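K.L.:
Have a peek at upload-v3.txt (compact mmCIF, C-alpha atoms).
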# COMPACT_ATOMS: atom_id res chain seq x y z
CA MET Z 1 -27.40 -40.27 -24.11
CA THR Z 2 -27.94 -44.03 -24.42
CA GLU Z 3 -24.29 -44.52 -25.31
CA HIS Z 4 -23.23 -42.55 -22.29
CA THR Z 5 -25.36 -44.65 -19.94
CA GLN Z 6 -23.82 -47.83 -21.24
CA ARG Z 7 -20.23 -46.67 -20.95
CA SER Z 8 -20.45 -44.89 -17.63
CA MET Z 9 -20.56 -46.43 -14.19
CA ARG Z 10 -22.27 -43.33 -12.83
CA THR Z 11 -25.89 -43.67 -11.79
CA PRO Z 12 -28.54 -41.44 -13.42
CA LEU Z 13 -28.91 -39.61 -10.09
CA GLY Z 14 -25.16 -39.02 -9.83
CA ARG Z 15 -25.06 -37.50 -13.29
CA VAL Z 16 -27.74 -34.91 -12.67
CA ARG Z 17 -26.74 -34.04 -9.12
CA HIS Z 18 -25.59 -30.40 -8.76
CA LEU Z 19 -27.02 -29.54 -12.15
CA GLY Z 20 -30.26 -28.21 -10.69
CA SER Z 21 -31.09 -25.16 -8.67
CA ALA Z 22 -28.17 -23.13 -7.40
CA HIS Z 23 -30.31 -22.30 -4.35
CA HIS Z 24 -30.04 -18.62 -5.01
CA GLY Z 25 -33.75 -18.55 -5.70
CA THR Z 26 -35.21 -15.09 -6.11
CA ARG Z 27 -32.37 -13.25 -4.38
CA HIS Z 28 -31.23 -11.44 -7.51
CA PHE Z 29 -34.77 -10.27 -8.32
CA TRP Z 30 -35.43 -9.31 -4.71
CA HIS Z 31 -32.23 -7.32 -4.27
CA GLN Z 32 -32.95 -5.47 -7.54
CA ARG Z 33 -36.31 -4.38 -6.12
CA LEU Z 34 -34.90 -3.67 -2.67
CA THR Z 35 -32.24 -1.34 -4.06
CA SER Z 36 -34.74 0.26 -6.46
CA VAL Z 37 -37.05 1.18 -3.58
CA ALA Z 38 -34.10 2.60 -1.63
CA ASN Z 39 -32.97 4.54 -4.68
CA VAL Z 40 -36.22 6.47 -5.13
CA PRO Z 41 -35.80 8.82 -2.13
CA LEU Z 42 -32.00 8.70 -2.40
CA THR Z 43 -32.00 9.78 -6.07
CA ILE Z 44 -34.33 12.70 -5.30
CA ALA Z 45 -32.04 13.70 -2.42
CA VAL Z 46 -28.91 13.47 -4.58
CA ILE Z 47 -30.51 15.58 -7.33
CA VAL Z 48 -31.29 18.25 -4.72
CA ILE Z 49 -27.74 18.04 -3.34
CA VAL Z 50 -26.13 18.27 -6.78
CA MET Z 51 -28.35 21.25 -7.66
CA GLY Z 52 -27.08 22.87 -4.49
CA LEU Z 53 -23.55 22.59 -5.88
CA LEU Z 54 -24.36 24.55 -9.05
CA GLY Z 55 -22.36 27.69 -9.54
CA ARG Z 56 -20.40 27.24 -6.32
CA ASN Z 57 -16.63 27.29 -6.04
CA HIS Z 58 -14.48 24.40 -4.87
CA ALA Z 59 -14.35 25.42 -1.21
CA ALA Z 60 -18.15 25.66 -0.95
CA VAL Z 61 -18.61 22.35 -2.77
CA VAL Z 62 -16.19 20.62 -0.41
CA GLN Z 63 -18.03 22.06 2.57
CA ILE Z 64 -21.44 20.86 1.30
CA LEU Z 65 -20.31 17.36 0.24
CA GLY Z 66 -18.30 16.92 3.42
CA SER Z 67 -21.12 17.80 5.80
CA THR Z 68 -22.38 14.80 7.77
CA LEU Z 69 -25.95 14.45 6.48
CA VAL Z 70 -24.99 15.08 2.86
CA ALA Z 71 -22.09 12.63 3.08
CA ILE Z 72 -24.26 9.89 4.61
CA THR Z 73 -26.94 10.43 1.94
CA MET Z 74 -24.33 10.33 -0.82
CA LEU Z 75 -22.76 7.17 0.63
CA LEU Z 76 -26.14 5.41 0.82
CA PHE Z 77 -26.89 6.45 -2.75
CA ILE Z 78 -23.50 5.23 -3.98
CA VAL Z 79 -23.77 1.84 -2.25
CA THR Z 80 -27.35 1.08 -3.36
CA SER Z 81 -26.72 2.43 -6.87
CA ALA Z 82 -23.49 0.49 -7.39
CA TYR Z 83 -25.27 -2.70 -6.31
CA HIS Z 84 -28.40 -1.91 -8.36
CA MET Z 85 -26.44 -1.16 -11.53
CA TRP Z 86 -24.32 -4.27 -11.04
CA LEU Z 87 -27.43 -6.46 -10.88
CA GLY Z 88 -29.18 -4.63 -13.72
CA MET Z 89 -26.26 -4.75 -16.14
CA GLN Z 90 -25.80 -8.45 -15.32
CA VAL Z 91 -29.34 -9.14 -16.57
CA ILE Z 92 -28.74 -7.14 -19.75
CA ILE Z 93 -25.48 -9.03 -20.45
CA GLU Z 94 -27.09 -12.41 -19.79
CA ASP Z 95 -29.90 -11.51 -22.18
CA TYR Z 96 -27.76 -10.41 -25.12
CA VAL Z 97 -24.33 -12.05 -24.87
CA HIS Z 98 -24.59 -15.70 -25.78
CA ASP Z 99 -20.96 -16.64 -26.37
CA GLU Z 100 -19.81 -18.24 -23.13
CA LEU Z 101 -16.31 -16.79 -23.07
CA TRP Z 102 -17.45 -13.27 -23.95
CA LYS Z 103 -20.26 -13.50 -21.43
CA LEU Z 104 -17.77 -14.45 -18.73
CA VAL Z 105 -15.42 -11.59 -19.67
CA ILE Z 106 -18.18 -8.98 -19.84
CA LEU Z 107 -19.85 -10.16 -16.63
CA MET Z 108 -16.47 -9.86 -14.91
CA SER Z 109 -15.96 -6.38 -16.36
CA ASN Z 110 -19.41 -5.41 -15.09
CA THR Z 111 -18.46 -6.50 -11.58
CA PHE Z 112 -15.11 -4.72 -11.71
CA PHE Z 113 -16.68 -1.53 -13.07
CA SER Z 114 -19.52 -1.44 -10.53
CA PHE Z 115 -17.22 -2.10 -7.58
CA ALA Z 116 -14.59 0.37 -8.80
CA VAL Z 117 -17.16 3.12 -9.38
CA GLY Z 118 -18.78 2.51 -5.99
CA LEU Z 119 -15.52 2.38 -4.10
CA ALA Z 120 -14.02 5.42 -5.84
CA ALA Z 121 -17.11 7.52 -5.10
CA ALA Z 122 -17.29 6.30 -1.50
CA PHE Z 123 -13.60 7.07 -0.99
CA ALA Z 124 -14.01 10.56 -2.41
CA ILE Z 125 -16.96 11.31 -0.11
CA LEU Z 126 -15.11 10.00 2.96
CA LYS Z 127 -12.04 12.03 2.02
CA LEU Z 128 -14.16 15.17 1.71
CA SER Z 129 -15.86 14.41 5.02
CA PHE Z 130 -12.73 13.74 7.02
CA GLY Z 131 -10.92 16.58 5.30
CA LEU Z 132 -7.69 14.73 4.59
CA MET B 1 -21.17 -30.81 -21.36
CA ALA B 2 -23.60 -28.48 -23.04
CA GLU B 3 -22.24 -29.50 -26.46
CA VAL B 4 -25.11 -31.26 -28.19
CA LYS B 5 -24.67 -32.39 -31.78
CA THR B 6 -26.82 -30.03 -33.84
CA SER B 7 -27.66 -32.76 -36.35
CA ARG B 8 -29.61 -34.55 -33.65
CA LEU B 9 -31.67 -31.48 -32.82
CA LYS B 10 -35.05 -31.14 -34.43
CA GLN B 11 -36.01 -27.80 -35.92
CA ARG B 12 -38.38 -26.49 -33.31
CA PRO B 13 -40.59 -23.45 -33.84
CA LEU B 14 -39.06 -20.42 -32.12
CA SER B 15 -41.03 -17.94 -30.08
CA PRO B 16 -41.70 -14.77 -32.05
CA HIS B 17 -39.29 -11.91 -31.43
CA LEU B 18 -39.75 -8.16 -31.24
CA GLN B 19 -40.20 -7.47 -34.96
CA ILE B 20 -43.34 -9.65 -35.07
CA TYR B 21 -45.29 -7.46 -32.69
CA LYS B 22 -46.96 -4.13 -33.28
CA PRO B 23 -44.92 -1.58 -31.29
CA LEU B 24 -47.06 -0.73 -28.30
CA LEU B 25 -46.26 2.11 -25.94
CA THR B 26 -45.84 -0.18 -22.91
CA MET B 27 -43.43 -2.33 -24.89
CA MET B 28 -41.43 0.64 -26.18
CA MET B 29 -41.21 2.07 -22.68
CA SER B 30 -40.02 -1.27 -21.34
CA ILE B 31 -37.17 -1.10 -23.86
CA VAL B 32 -36.51 2.56 -22.98
CA HIS B 33 -36.34 1.55 -19.31
CA ARG B 34 -33.54 -0.85 -20.13
CA ILE B 35 -31.75 1.69 -22.35
CA THR B 36 -31.94 4.43 -19.71
CA GLY B 37 -30.71 1.89 -17.14
CA GLY B 38 -27.69 1.25 -19.33
CA ALA B 39 -27.19 4.99 -19.78
CA VAL B 40 -27.21 5.80 -16.06
CA PHE B 41 -24.87 2.83 -15.53
CA PHE B 42 -22.22 4.74 -17.47
CA GLY B 43 -23.56 8.11 -16.33
CA MET B 44 -22.44 7.16 -12.85
CA LEU B 45 -18.92 7.96 -14.09
CA LEU B 46 -20.01 11.60 -14.25
CA LEU B 47 -20.94 11.70 -10.57
CA VAL B 48 -17.77 9.82 -9.64
CA TRP B 49 -15.72 12.31 -11.65
CA VAL B 50 -17.30 15.26 -9.83
CA LEU B 51 -16.73 13.64 -6.41
CA ILE B 52 -13.13 12.61 -7.11
CA ALA B 53 -12.35 16.05 -8.56
CA ALA B 54 -13.84 17.75 -5.50
CA ALA B 55 -11.77 15.48 -3.27
CA ALA B 56 -8.63 16.02 -5.35
CA GLY B 57 -8.56 19.81 -5.13
CA PRO B 58 -9.49 23.15 -6.73
CA ASN B 59 -7.65 22.54 -10.02
CA ALA B 60 -9.32 19.20 -10.69
CA TYR B 61 -12.69 20.63 -9.74
CA ALA B 62 -12.14 23.61 -12.04
CA SER B 63 -11.66 21.26 -15.00
CA VAL B 64 -14.97 19.50 -14.17
CA ARG B 65 -16.71 22.88 -14.05
CA TRP B 66 -15.11 23.82 -17.35
CA PHE B 67 -16.34 20.61 -19.00
CA MET B 68 -19.88 20.98 -17.65
CA GLU B 69 -19.96 24.50 -19.11
CA THR B 70 -19.24 23.25 -22.64
CA LEU B 71 -22.08 22.37 -25.00
CA LEU B 72 -21.09 18.70 -24.96
CA GLY B 73 -20.96 18.69 -21.17
CA ARG B 74 -24.40 20.29 -20.95
CA LEU B 75 -25.87 17.83 -23.44
CA ILE B 76 -24.46 14.85 -21.55
CA LEU B 77 -25.67 16.27 -18.23
CA PHE B 78 -29.12 17.01 -19.67
CA GLY B 79 -29.36 13.49 -21.09
CA TYR B 80 -28.17 12.04 -17.81
CA THR B 81 -30.81 14.00 -15.89
CA TRP B 82 -33.58 12.75 -18.18
CA ALA B 83 -32.32 9.14 -18.21
CA LEU B 84 -32.04 9.11 -14.42
CA ILE B 85 -35.52 10.57 -13.86
CA HIS B 86 -37.03 8.34 -16.53
CA HIS B 87 -35.43 5.21 -15.11
CA MET B 88 -36.62 6.18 -11.62
CA LEU B 89 -40.22 6.78 -12.74
CA GLY B 90 -40.14 3.65 -14.90
CA GLY B 91 -38.86 1.77 -11.86
CA ILE B 92 -41.74 3.04 -9.74
CA ARG B 93 -44.14 1.90 -12.49
CA HIS B 94 -42.55 -1.54 -12.46
CA LEU B 95 -42.76 -1.66 -8.65
CA ILE B 96 -46.50 -0.89 -8.89
CA TRP B 97 -46.86 -3.75 -11.37
CA ASP B 98 -44.67 -6.00 -9.17
CA VAL B 99 -47.17 -5.76 -6.33
CA GLY B 100 -50.03 -6.52 -8.71
CA TYR B 101 -51.66 -3.17 -9.40
CA GLY B 102 -52.18 -1.13 -12.56
CA PHE B 103 -52.60 -3.96 -15.06
CA GLY B 104 -55.94 -2.78 -16.45
CA PRO B 105 -55.99 -1.60 -20.07
CA VAL B 106 -56.54 2.01 -19.04
CA GLU B 107 -54.24 2.00 -16.00
CA ARG B 108 -51.22 0.48 -17.71
CA GLU B 109 -51.42 2.96 -20.57
CA TRP B 110 -51.94 5.82 -18.14
CA LEU B 111 -48.94 4.75 -16.05
CA THR B 112 -46.78 4.46 -19.14
CA VAL B 113 -47.75 7.88 -20.48
CA ALA B 114 -47.25 9.34 -16.99
CA THR B 115 -43.69 7.97 -16.94
CA LEU B 116 -42.83 9.66 -20.22
CA VAL B 117 -44.59 12.96 -19.50
CA GLY B 118 -43.27 12.96 -15.93
CA SER B 119 -39.67 12.34 -16.93
CA ILE B 120 -39.68 15.11 -19.54
CA GLY B 121 -41.56 17.46 -17.20
CA PHE B 122 -39.27 16.90 -14.22
CA THR B 123 -36.15 17.20 -16.36
CA ILE B 124 -37.30 20.57 -17.72
CA LEU B 125 -38.31 21.65 -14.20
CA ILE B 126 -34.93 20.69 -12.73
CA TRP B 127 -33.04 22.53 -15.49
CA THR B 128 -35.25 25.57 -15.21
CA VAL B 129 -34.69 25.72 -11.46
CA GLY B 130 -31.00 25.09 -12.10
CA TYR B 131 -30.73 28.06 -14.43
CA VAL B 132 -33.17 30.49 -12.84
CA VAL B 133 -32.77 29.88 -9.11
CA MET B 134 -29.23 28.58 -8.94
CA GLY B 135 -27.96 31.03 -11.54
CA GLY B 136 -26.57 28.61 -14.09
CA MET B 137 -24.41 25.57 -14.11
CA GLY B 138 -20.80 24.70 -13.49
Can the structure in the file be given as structure tokens, please?
P.N.:
Amino acid sequence: MTEHTQRSMRTPLGRVRHLGSAHHGTRHFWHQRLTSVANVPLTIAVIVIVMGLLGRNHAAVVQILGSTLVAITMLLFIVTSAYHMWLGMQVIIEDYVHDELWKLVILMSNTFFSFAVGLAAAFAILKLSFGL
Amino acid sequence: MAEVKTSRLKQRPLSPHLQIYKPLLTMMMSIVHRITGGAVFFGMLLLVWVLIAAAAGPNAYASVRWFMETLLGRLILFGYTWALIHHMLGGIRHLIWDVGYGFGPVEREWLTVATLVGSIGFTILIWTVGYVVMGGMG
């Protein structure tokens, strides 16, 4: 450190600037809780909906999943769940993966997976709803 | 930037890790909460598969139904049900703790046992209703 100070023209303040808080604060924590609260009634609703699909043929399943209230509930569940699992898996990865390159790759994969799963499910529900 | 020569680092005492502690129920359930979270992360693929198959058509949906009828399919679905319920109840327990309640020695143990008993109970209830009322799976 002493060597660096002698060689560099940068001031001590200049060197540490932008190395502090990212100003994201407690957003990650808060959004995890926000989505978890939303997911309690939504998960119960989705379990009931899925149980309603048991033993039914394709036509009946399409009719149930495509009906307005069911579709809106499913969409809400998909959006909050995809976000919740994205945040949650991020914490797990950051806790256990210490190699910087691997961490970057796996964090990226987590984002891709969560978005892909969310979008695919949302698309399927919209397709069933609009009957295309 | 973060590269610090290790030779210049002093050997500092590290904080004790998991194996040092006596396995307490609250601690085990905290770990299970994370494991079930990871399980439902991948379990989401199951729901997506059902939805995409339903959107794709009768043939695709028939193959989902076939898979869910197999022993492996049932086991995965049963595990997914339990993991989902357990993670939800564990989440509620953590929300109670987040707002500052239930930290007493009796309450925290009670909450933790309730999570485990509740998740197993609700899973069995859901599957019983699934079989008896809905007339089976698939």
K.L.:
Any idea what's packed within 12 Å of Z:Val70, counting only C-alpha atoms, ignoring anything in its chain fewer than 4 positions away? Could you give it as a list of chain:residue names?
P.N.:
Z:Leu42, Z:Ala45, Z:Val46, Z:Ile47, Z:Val48, Z:Ile49, Z:Val50, Z:Gly52, Z:Leu53, Z:Val61, Z:Val62, Z:Gln63, Z:Ile64, Z:Leu65, Z:Gly66, Z:Met74, Z:Leu75, Z:Leu76, Z:Phe77, Z:Ile125, Z:Leu126, Z:Leu128, Z:Ser129
K.L.:
Using only C-alpha atoms, determine which residues of chain B fall within 8 Å of chain Z; present them as a ChimeraX atom specification.
P.N.:
/B:34,37-38,41,44-45,47-48,51-52,54-55,57-58,61-62,88,91-92,95,130,134-138
K.L.:
Could you check which of B:Ile96, B:Val32, B:Val132, B:Leu14 is closest to B:Ala83, using all atoms listed in the file?
P.N.:
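Looking at the shortest contact to B:Ala83, the residue is B:Val32.
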K.L.:
In Å, with one decimal, what is the gap from atom CA of B:Met29 to atom CA of B:Leu116?
P.N.:
8.1 Å
K.L.:
Interatomic distance between atom CA of B:Phe42 and atom CA of B:Val133?
P.N.:
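Atom CA of B:Val133 lies at a distance of 28.5 Å from atom CA of B:Phe42.
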K.L.:
Hey, can you check how far atom CA of B:Val99 sits from atom CA of B:His87?
P.N.:
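Calculated distance between atom CA of B:Val99 and atom CA of B:His87 is 18.3 Å.
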K.L.:
For B:Thr112, find every residue with an atom within 8 Å (counting all atoms listed in the file), except residues of its own chain fewer than 6 positions away, and show them as an mmCIF file with C-alpha atoms, in the frame of the given file.
P.N.:
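To be explicit, this is the file written out as part.cif:
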data_model
loop_
_atom_site.group_PDB
_atom_site.id
_atom_site.type_symbol
_atom_site.label_atom_id
_atom_site.label_comp_id
_atom_site.auth_asym_id
_atom_site.auth_seq_id
_atom_site.Cartn_x
_atom_site.Cartn_y
_atom_site.Cartn_z
ATOM 1 C CA LEU B 25 -46.260 2.110 -25.940
ATOM 2 C CA THR B 26 -45.840 -0.180 -22.910
ATOM 3 C CA MET B 29 -41.210 2.070 -22.680
ATOM 4 C CA GLY B 90 -40.140 3.650 -14.900
ATOM 5 C CA ARG B 93 -44.140 1.900 -12.490
#
K.L.:
Please determine, counting only C-alpha atoms, which residue among B:His86, B:Asn59, B:His33, B:Gln11 has the shortest atom-to-atom distance to B:Val117.
P.N.:
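Of B:His86, B:Asn59, B:His33, B:Gln11, the one nearest B:Val117, counting only C-alpha atoms, is B:His86.
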K.L.:
Tell me, as a ChimeraX atom specification, which residues lie within 9 Å of stretch 94-97 of chain Z, counting only C-alpha atoms; anything in the same chain fewer than 5 positions away does not count.
P.N.:
/Z:89,102-103,106-107
